[in-house]
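input-v1.csv, holding CSV, C-alpha atoms:
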```csv
chain,number,residue,atom,x,y,z
K,1,MET,CA,97.1,57.5,150.3
K,2,LYS,CA,97.0,57.6,146.5
K,3,LYS,CA,99.2,55.2,144.5
K,4,VAL,CA,100.9,55.8,141.2
K,5,LEU,CA,102.2,52.7,139.4
K,6,PHE,CA,105.1,53.1,136.9
K,7,LEU,CA,105.5,50.4,134.3
K,8,PRO,CA,108.8,50.2,132.4
K,9,LEU,CA,110.0,46.8,131.0
K,10,LEU,CA,112.9,44.6,132.0
K,11,LYS,CA,115.1,45.3,135.0
K,12,MET,CA,118.2,46.5,133.1
K,13,PRO,CA,118.9,50.2,133.2
K,14,SER,CA,117.3,51.8,130.2
K,15,GLY,CA,115.7,55.1,129.1
K,16,HIS,CA,112.4,53.5,130.1
K,17,HIS,CA,113.6,53.3,133.7
K,18,GLN,CA,115.3,56.7,133.6
K,19,VAL,CA,112.1,58.4,132.5
K,20,ALA,CA,110.1,56.6,135.3
K,21,GLU,CA,112.7,57.6,137.9
K,22,ALA,CA,112.8,61.2,136.8
K,23,LEU,CA,109.0,61.5,136.9
K,24,MET,CA,108.9,59.8,140.3
K,25,ASP,CA,111.6,62.2,141.6
K,26,ILE,CA,109.7,65.3,140.3
K,27,LEU,CA,106.4,64.1,141.6
K,28,GLU,CA,107.8,63.2,145.0
K,29,ARG,CA,109.2,66.7,145.4
K,30,ARG,CA,106.0,68.4,144.5
K,31,THR,CA,103.3,66.2,146.1
K,32,THR,CA,102.4,64.6,149.4
K,33,ASN,CA,100.4,61.6,150.4
K,34,ILE,CA,101.2,59.7,147.2
K,35,CYS,CA,103.0,56.4,147.0
K,36,TYR,CA,105.0,55.8,143.8
K,37,LYS,CA,105.9,52.3,142.8
K,38,LYS,CA,107.9,51.0,139.7
K,39,ILE,CA,107.3,47.4,138.6
K,40,ASP,CA,108.7,45.4,135.7
K,41,LEU,CA,105.9,43.2,134.3
K,42,LEU,CA,108.4,40.5,133.0
K,43,SER,CA,110.0,40.1,136.5
K,44,TYR,CA,106.6,40.2,138.1
K,45,THR,CA,105.6,37.4,135.8
K,46,ASN,CA,108.7,35.3,136.1
K,47,GLU,CA,112.2,36.4,137.4
K,48,LEU,CA,114.1,33.7,135.4
K,49,LEU,CA,112.3,34.6,132.2
K,50,GLU,CA,113.2,38.3,132.7
K,51,LYS,CA,116.9,37.4,133.2
K,52,VAL,CA,116.9,35.2,130.1
K,53,VAL,CA,115.2,37.9,128.0
K,54,THR,CA,117.5,40.6,129.3
K,55,GLY,CA,120.6,38.6,128.7
K,56,THR,CA,119.6,37.6,125.2
K,57,TYR,CA,118.5,41.1,124.3
K,58,LEU,CA,121.9,42.6,125.5
K,59,LYS,CA,123.9,39.9,123.6
K,60,TRP,CA,121.8,40.4,120.5
K,61,ILE,CA,122.5,44.2,120.5
K,62,ARG,CA,126.2,43.7,121.2
K,63,TYR,CA,127.0,41.0,118.7
K,64,ALA,CA,124.5,41.6,115.9
K,65,PRO,CA,123.2,45.2,116.1
K,66,GLU,CA,122.3,45.3,112.4
K,67,THR,CA,119.9,42.4,112.7
K,68,TYR,CA,118.4,43.9,115.9
K,69,ASN,CA,117.7,47.1,114.0
K,70,MET,CA,116.2,45.2,111.1
K,71,ALA,CA,114.0,43.1,113.3
K,72,TYR,CA,112.9,46.0,115.4
K,73,LYS,CA,111.8,47.9,112.2
K,74,HIS,CA,110.1,44.8,110.8
K,75,LEU,CA,108.3,43.8,114.0
K,76,PHE,CA,107.2,47.2,115.4
K,77,TYR,CA,106.7,49.4,112.4
K,78,GLU,CA,105.6,47.6,109.2
K,79,PRO,CA,102.7,45.3,110.2
K,80,PRO,CA,100.8,46.2,113.4
K,81,VAL,CA,102.5,44.4,116.3
K,82,HIS,CA,99.2,42.8,117.5
K,83,SER,CA,100.4,39.5,116.0
K,84,PHE,CA,102.0,38.5,119.3
K,85,LYS,CA,99.1,36.2,120.3
K,86,TRP,CA,101.2,33.3,121.6
K,87,TYR,CA,102.2,35.1,124.8
K,88,HIS,CA,99.5,37.8,124.9
K,89,HIS,CA,97.1,35.7,127.1
K,90,VAL,CA,99.8,34.9,129.8
K,91,PHE,CA,100.9,38.5,130.1
K,92,ALA,CA,97.4,40.0,129.9
K,93,LYS,CA,96.4,37.8,132.8
K,94,LYS,CA,99.5,38.8,134.8
K,95,MET,CA,98.8,42.5,134.1
K,96,GLU,CA,95.2,42.1,135.2
K,97,HIS,CA,96.4,40.4,138.4
K,98,LEU,CA,99.1,43.1,139.0
K,99,VAL,CA,96.5,45.9,138.6
K,100,LYS,CA,94.2,44.2,141.1
K,101,GLU,CA,97.0,43.5,143.5
K,102,GLU,CA,98.5,47.0,143.5
K,103,ASN,CA,95.2,48.8,143.1
K,104,PRO,CA,96.7,52.0,141.8
K,105,ASP,CA,95.0,55.3,141.3
K,106,LEU,CA,97.0,56.0,138.2
K,107,ILE,CA,99.3,54.0,135.9
K,108,ILE,CA,102.2,55.5,133.9
K,109,CYS,CA,103.7,53.4,131.2
K,110,THR,CA,107.2,54.2,130.0
K,111,HIS,CA,107.3,51.1,127.7
K,112,GLY,CA,105.0,50.1,124.9
K,113,PHE,CA,104.3,46.5,126.0
K,114,PRO,CA,102.6,47.3,129.4
K,115,SER,CA,100.7,50.1,127.6
K,116,TYR,CA,99.5,47.6,124.9
K,117,LEU,CA,98.3,45.1,127.5
K,118,LEU,CA,96.6,47.8,129.6
K,119,SER,CA,94.9,49.2,126.5
K,120,GLN,CA,93.5,45.7,125.7
K,121,LEU,CA,92.3,45.2,129.3
K,122,LYS,CA,90.6,48.6,129.3
K,123,ALA,CA,88.9,47.7,126.0
K,124,LYS,CA,87.5,44.5,127.6
K,125,GLY,CA,86.3,46.4,130.7
K,126,LYS,CA,88.9,44.7,132.9
K,127,CYS,CA,90.8,47.9,133.9
K,128,ASP,CA,89.3,51.3,134.8
K,129,VAL,CA,92.4,52.9,136.1
K,130,PRO,CA,93.5,56.1,134.3
K,131,ILE,CA,96.6,55.4,132.2
K,132,ILE,CA,99.3,57.7,130.8
K,133,ASN,CA,101.8,56.8,128.1
K,134,VAL,CA,105.1,58.6,128.5
K,135,TYR,CA,107.0,57.9,125.2
K,136,THR,CA,110.7,57.5,125.7
K,137,ASP,CA,111.8,57.8,122.0
K,138,PHE,CA,111.5,60.4,119.3
K,139,PHE,CA,109.1,58.0,117.4
K,140,ILE,CA,106.2,55.8,118.4
K,141,ASN,CA,106.2,52.2,117.3
K,142,ASN,CA,103.1,49.9,117.0
K,143,LEU,CA,103.8,48.2,120.3
K,144,TRP,CA,102.3,51.0,122.3
K,145,GLY,CA,98.6,50.8,123.3
K,146,LYS,CA,96.9,54.0,122.0
K,147,GLU,CA,93.1,53.6,121.7
K,148,GLU,CA,92.2,53.1,125.4
K,149,ILE,CA,95.0,55.2,126.9
K,150,ASP,CA,93.8,58.3,128.7
K,151,PHE,CA,96.8,60.7,128.1
K,152,HIS,CA,99.9,60.6,125.9
K,153,PHE,CA,103.0,62.5,126.9
K,154,LEU,CA,105.0,62.9,123.7
K,155,PRO,CA,108.6,64.0,123.3
K,156,SER,CA,108.0,66.8,120.8
K,157,GLU,CA,105.5,68.7,118.6
K,158,GLU,CA,106.9,66.9,115.6
K,159,VAL,CA,106.1,63.5,117.1
K,160,LYS,CA,102.6,64.7,117.9
K,161,LYS,CA,102.1,65.6,114.3
K,162,ARG,CA,103.2,62.2,113.1
K,163,THR,CA,101.2,60.1,115.5
K,164,SER,CA,97.7,59.0,115.9
K,165,CYS,CA,97.5,59.8,119.6
K,166,SER,CA,94.6,62.2,119.9
K,167,LYS,CA,94.4,62.7,123.7
```

What is this file in structure tokens?
Amino acid sequence: MKKVLFLPLLKMPSGHHQVAEALMDILERRTTNICYKKIDLLSYTNELLEKVVTGTYLKWIRYAPETYNMAYKHLFYEPPVHSFKWYHHVFAKKMEHLVKEENPDLIICTHGFPSYLLSQLKAKGKCDVPIINVYTDFFINNLWGKEEIDFHFLPSEEVKKRTSCSK
């Protein structure tokens, strides 16, 4: 049986999960002998960490939305996001372990962070699984892995024109 792994981020309900669920539902109706699995990398890495990050994230958006917007723009648009070296190693190792453990035939990323990590692993020859990015916004920030990703599902032709995704 073939396996397709979906990778959103965090456990909280979000557009990333909704897109993954919608794709899983469509594919389940149209295919047979394929197993679909959705995993949040942060929970896979550390359940307590995921709860803390989710709680902090939701409080930040609720109580200081203007600072969230400013930080999001600063971190994910202006300089390339690849400055997150302090936790990159931990999550890259966990992602590598997850891919080996699950042994999927295809990976679909609905969030930029898993996409970024997988792109890095592919560049180092540590992942040979085909990967699809399914972008969940009408813009593409610098967090998404692009270079080593096999296919990019973009939300519109306009986004396609503004992006560097060539596949």

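All protein and nucleic acid residues in the vicinity of (94.1, 48.6, 121.6), that is within 10 Å when counting all atoms listed in the file, are K:His82, K:Ser115, K:Tyr116, K:Leu117, K:Leu118, K:Ser119, K:Gln120, K:Leu121, K:Lys122, K:Ala123, K:Lys124, K:Leu143, K:Trp144, K:Gly145, K:Lys146, K:Glu147, K:Glu148, K:Ile149.
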
How would the residues just picked look written out with C-alpha atoms as a PDB file, in the frame of the given file?
```
ATOM      1  CA  HIS K  82      99.200  42.800 117.500  1.00  0.00           C
ATOM      2  CA  SER K 115     100.700  50.100 127.600  1.00  0.00           C
ATOM      3  CA  TYR K 116      99.500  47.600 124.900  1.00  0.00           C
ATOM      4  CA  LEU K 117      98.300  45.100 127.500  1.00  0.00           C
ATOM      5  CA  LEU K 118      96.600  47.800 129.600  1.00  0.00           C
ATOM      6  CA  SER K 119      94.900  49.200 126.500  1.00  0.00           C
ATOM      7  CA  GLN K 120      93.500  45.700 125.700  1.00  0.00           C
ATOM      8  CA  LEU K 121      92.300  45.200 129.300  1.00  0.00           C
ATOM      9  CA  LYS K 122      90.600  48.600 129.300  1.00  0.00           C
ATOM     10  CA  ALA K 123      88.900  47.700 126.000  1.00  0.00           C
ATOM     11  CA  LYS K 124      87.500  44.500 127.600  1.00  0.00           C
ATOM     12  CA  LEU K 143     103.800  48.200 120.300  1.00  0.00           C
ATOM     13  CA  TRP K 144     102.300  51.000 122.300  1.00  0.00           C
ATOM     14  CA  GLY K 145      98.600  50.800 123.300  1.00  0.00           C
ATOM     15  CA  LYS K 146      96.900  54.000 122.000  1.00  0.00           C
ATOM     16  CA  GLU K 147      93.100  53.600 121.700  1.00  0.00           C
ATOM     17  CA  GLU K 148      92.200  53.100 125.400  1.00  0.00           C
ATOM     18  CA  ILE K 149      95.000  55.200 126.900  1.00  0.00           C
TER      19      ILE K 149
END
```

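Note that CA of Pro65 (chain K) and CA of Phe153 (chain K) are 28.7 Å apart.
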
- Message: Nearest residue to Tyr36 (chain K) out of K:Val52, K:Leu10, K:Val19, K:Met1, using all atoms listed in the file?
- Response: K:Met1

- Counting only C-alpha atoms, figure out which residue out of K:Ile34, K:Leu23, K:Leu42, K:Ile107 gets nearest to Lys11 (chain K).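 Ranked by minimum distance to Lys11 (chain K), first place goes to K:Leu42.
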
- Message: Would you pick out the contacts of Ile39 (chain K) at 7 Å or less, using all atoms listed in the file, so that residues sharing its chain but fewer than 3 positions from it are not included, and give the list as a list in words?
- Response: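 Once the nearby chain positions are removed, what remains is Phe6, Leu7 and Pro8 of chain K.
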
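With all atoms listed in the file as the atoms that count, the minimum distance from Ile108 (chain K) to the choices K:Lys2, K:Lys59, K:Lys93, K:His152 is reached by K:His152.
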
- Kindly indicate which residue among K:Leu27, K:Met70, K:Leu9, K:Leu98 lies nearest to Thr54 (chain K), using only C-alpha atoms for the distances. K:Leu9

- By how many Å are CA of Trp60 (chain K) and CA of Phe91 (chain K) apart?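 Computing the Euclidean distance for CA of Trp60 (chain K) and CA of Phe91 (chain K) yields 23.1 Å.
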
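Taking CA of Cys127 (chain K) as the reference point, CA of Phe113 (chain K) is found at 15.7 Å.
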
- Item | Residue with smallest distance to Leu41 (chain K) - pool K:Asp150, K:Asp105, K:Glu96, K:Asp128, counting all atoms listed in the file |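 The closest residue to Leu41 (chain K) is K:Glu96.
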